[in-house]
Amino acid sequence: MTQWQLRVSAYAERLVNSLDSLDWTDSLKEMQRNWIGRSYGTEVVFKVETGDTVRDVTIFTTRVDTIFGVTFMVLAPESELTPLLTTEDRKAEVEEYLAYVKKKTERERIAQTKTVTGVFSGSYGINPLTGEKVPVWISEYVLSGYGTGAIMAVPAHDSRDYAFAKKFNLPIVPIIEGCDVSEESFDAKDGIMCNSGFMNGLTVKEAIAAAMDYVEEKGLGHRKVNYRLRDAIFSRQRYWGEPFPIYYKDGIPTPLPEDKLPLTLPQIDNFTPTGEPPLAKAKDWTYEGYPLETSTMPGFAGSSAYYLRYMDPHNDSALVDKSVNEYWKHVDLYVGGTEHATGHLIYSRFWNKFLFDLGYVCEDEPFRKLINQGMIQGRSNFVYRVVGKENTFVSYGLKDQYKTQEIHVDVNIVENDVLDTEAFKNWLPEYKNAEFILEDGKYICGYAVEKMSKSMFNVVNPDVICDNYGADTLRLYEMFLGPVEQSKPWDTKGIDGVNRFLRKFWRLFYDGDKFLVNDNEPTPAELKTLHRLIGKEQADIEAFSYNTTISAFMIAVNDLTEKNCHSKAVLEPMVILLSPFAPHLAEELWHDLGNTSSVTVASFPEYIEAYTVEDSCTYPVSFNGKMRFTVDLPKSMAPADVEAHVRALPMTAKYVADMTILKVIVVPGKIVNVVLKK
């Protein structure tokens with residue numbers, strides 16, 4: 001099928017190299033490196049004899065030092081060399097094998113490790129270093145998309161080559177001293193070379209360099225960098241998607257004139273696939289009598305560069321104005337899952353580099369900083385069916401008294417691990433006559449932390465949480481679960497605590513319907529609580545540590561509640577601080593405080609460190625080096641005054657008893673040690 005493609009492979013080197021400049025997680029960068037698959041190796045030419053014909057077959061290998069261990073060659077079934085190197089007497093068997101391989105996807109072929117299949121082509125290659133003939137086989141474990149689609153097989157030192165050689169009784173020649181290949185291949189990349197001609201006695205590392213040099217000196221091949229990354233298919237045989245602005249003039253694809261853009265999809269009545277794209281059924285899908293392209297672009301046509309359009313969304317003459325792009329430059333922060341690592345993030349980087357090369361954008365990379373959010377894991381619940389009594393279910397604490405079968409149950413009919421038995425009967429028809437063996441009048445479910453999945457019935461419907469607690473509670477709890485980057489178990493029981501916190505915050509403003517906020521000057525202690533929170537939130541948001549901000553907020557609210565604080569000077573900044581986490585509640589209170597604009601446009605409160613400085617310190621008081629109690633004293637108190645204060649304390653008299661104080665050692669701000677003698 002003729003299809004449009006993006007030459008992503010042309011940017012493979014740059015896509016790998018510029019990863020080092022990005023503030024991304026190491027794991028995500030490694031995923032991209034592996035997907036692009038840069039490997040340093042050598043291309044070597046093998047002469048292959050097919051009857052009276054001799055052809056050059058180029059192979060790519062990262063281990064040219066192993067060439068003395070080659071005992072056969074393998075072609076990818078879809079390689080253009082396969083029909084050329086198949087001899088007449090092998091043609092029928094090869095065609096039968098190719099028909100078998102065509103039924104399998106490439107992913108299935110890659111994943112297949114136990115089943116070994118292949119067919120002999122009838123041709124023989126000549127090892128360029130030994131002059132020996134080696135048979136050329138065809139096998140599905142070699143893919144045409146990597147390297148040249150042909151490999152030199154070294155079964156002693158590659159597991160897949162080894163399995164193939166064992167299956168078809170092909171020679172296995174070890175080239176590392178002392179390695180045992182009687183049961184499996186020796187895949188380690190160290191040791192001393194043997195059976196390798198001029199490389200005998202060299203280490204593997206030395207041999208790799210020596211072999212590369214030798215092949216180049218003798219004109220047998222050359223060094224090469226190879227990539228696994230493939231060009232992306234960029235057309236879809238469907239109706240929806242951007243249409244290609246291409247028409248075929250005498251069979252030649254020709255772009256539409258710019259003044260004919262945008263090309264919009266026509267109205268059609270039937271979207272059913274018929275072996276050709278739905279656009280082929282459109283009436284007059286032509287330009288000046290020439291047929292327009294009937295394929296459409298894939299989803300990533302739009303998603304690869306949408307961030308640029310956000311910079312200048314109303315521009316009708318360009319993707320993004322140059323001055324606007326120079327102002328915004330790139331996306332400052334991208335938050336997304338690792339599922340985009342080898343798709344969207346590769347394509348976006350490719351598109352951006354391509355547009356950069358053409359001068360349409362000013363930055364080489366689109367996303368400078370990227371954070372991967374962790375997965376919210378589910379908290380599954382289980383009921384226990386008594387074996388032999390299909391309608392009887394025993395509570396968790398009693399299940400060991402019976403032989404039971406553990407069954408996942410819908411977490412939405414379980415609260416704090418207590419099953420709603422009537423809801424359970426109505427949940428599925430097979431449970432309508434269920435009977436329960438209870439403990440303390442309740443049916444207690446078992447639980448486990450697992451991936452959220454419909455099959456495990458542990459998917460929590462956010463609408464239910466919002467109906468019961470409000471959207472702010474849901475939002476706050478998701479951030480409170482743990483660090484953004486980590487996977488976190490969902491536990492509905494924790495929702496109550498977050499909801500209580502929001503209610504407690506509300507009570508700083510209201511007692512029932514009575515508005516409590518006043519214009520009193522805040523006390524130093526209240527200002528200390530406020531500014532500690534400002535400083536903490538400011539640092540935590542920069543570090544994406546939202547859960548620790550919420551913990552600090554809970555501490556601050558408890559502190560202000562104890563202080564009976566209702567000062568507007570303290571509570572108004574608190575509303576701004578809460579707004580990123582609980583926007584609905586914050587907006588309500590913001591207007592109740594007399595503001596007419598939205599809290600979302602309010603300035604972040606200024607952090608004043610002076611308000612947070614401690615004006616007292618806690619002294620541990622020791623007697624002959626053993627700490628007995630502590631005392632809080634002003635930081636500014638002189639050592640002599642600290643000593644006098646400690647000597648006068650009733651607790652000091654208790655520990656001195658009938659002894660005499662020899663001296664009192666005061667380390668300012670640190671410790672007091674009373675030295676006693678009998």
# chains A, B, ... in the order shown; residues from 1 in each chain; ligands from 1
$ residues_around --residues "A:Arg230" --least-positions-apart "3" --cutoff "10 Å" --atoms "only C-alpha atoms" --output "VMD selection string"
chain A and resid 5 to 10 12 35 to 36 145 to 146 227 233
$ residues_around --residues "A:Lys563" --least-positions-apart "3" --cutoff "9 Å" --atoms "only C-alpha atoms" --output "VMD selection string"
chain A and resid 525 to 526 558 to 560
$ write_last_selection --atoms "C-alpha atoms" --output "tab-separated table (two decimals), in the first residue's frame"
chain	number	residue	atom	x	y	z
A	525	ALA	CA	2.51	34.15	66.72
A	526	GLU	CA	-0.23	34.30	64.06
A	558	ASN	CA	-4.75	23.59	63.60
A	559	ASP	CA	-2.39	26.24	64.96
A	560	LEU	CA	-4.67	29.17	64.00
$ select_by_dssp --residues "stretch 398-600 of chain A" --states "strand (DSSP E or B)" --output "count of residues only"
30
$ closest_residue --among "A:Leu129, A:Leu202, A:Leu474, A:Met212" --to "A:Tyr40" --atoms "only C-alpha atoms"
A:Met212
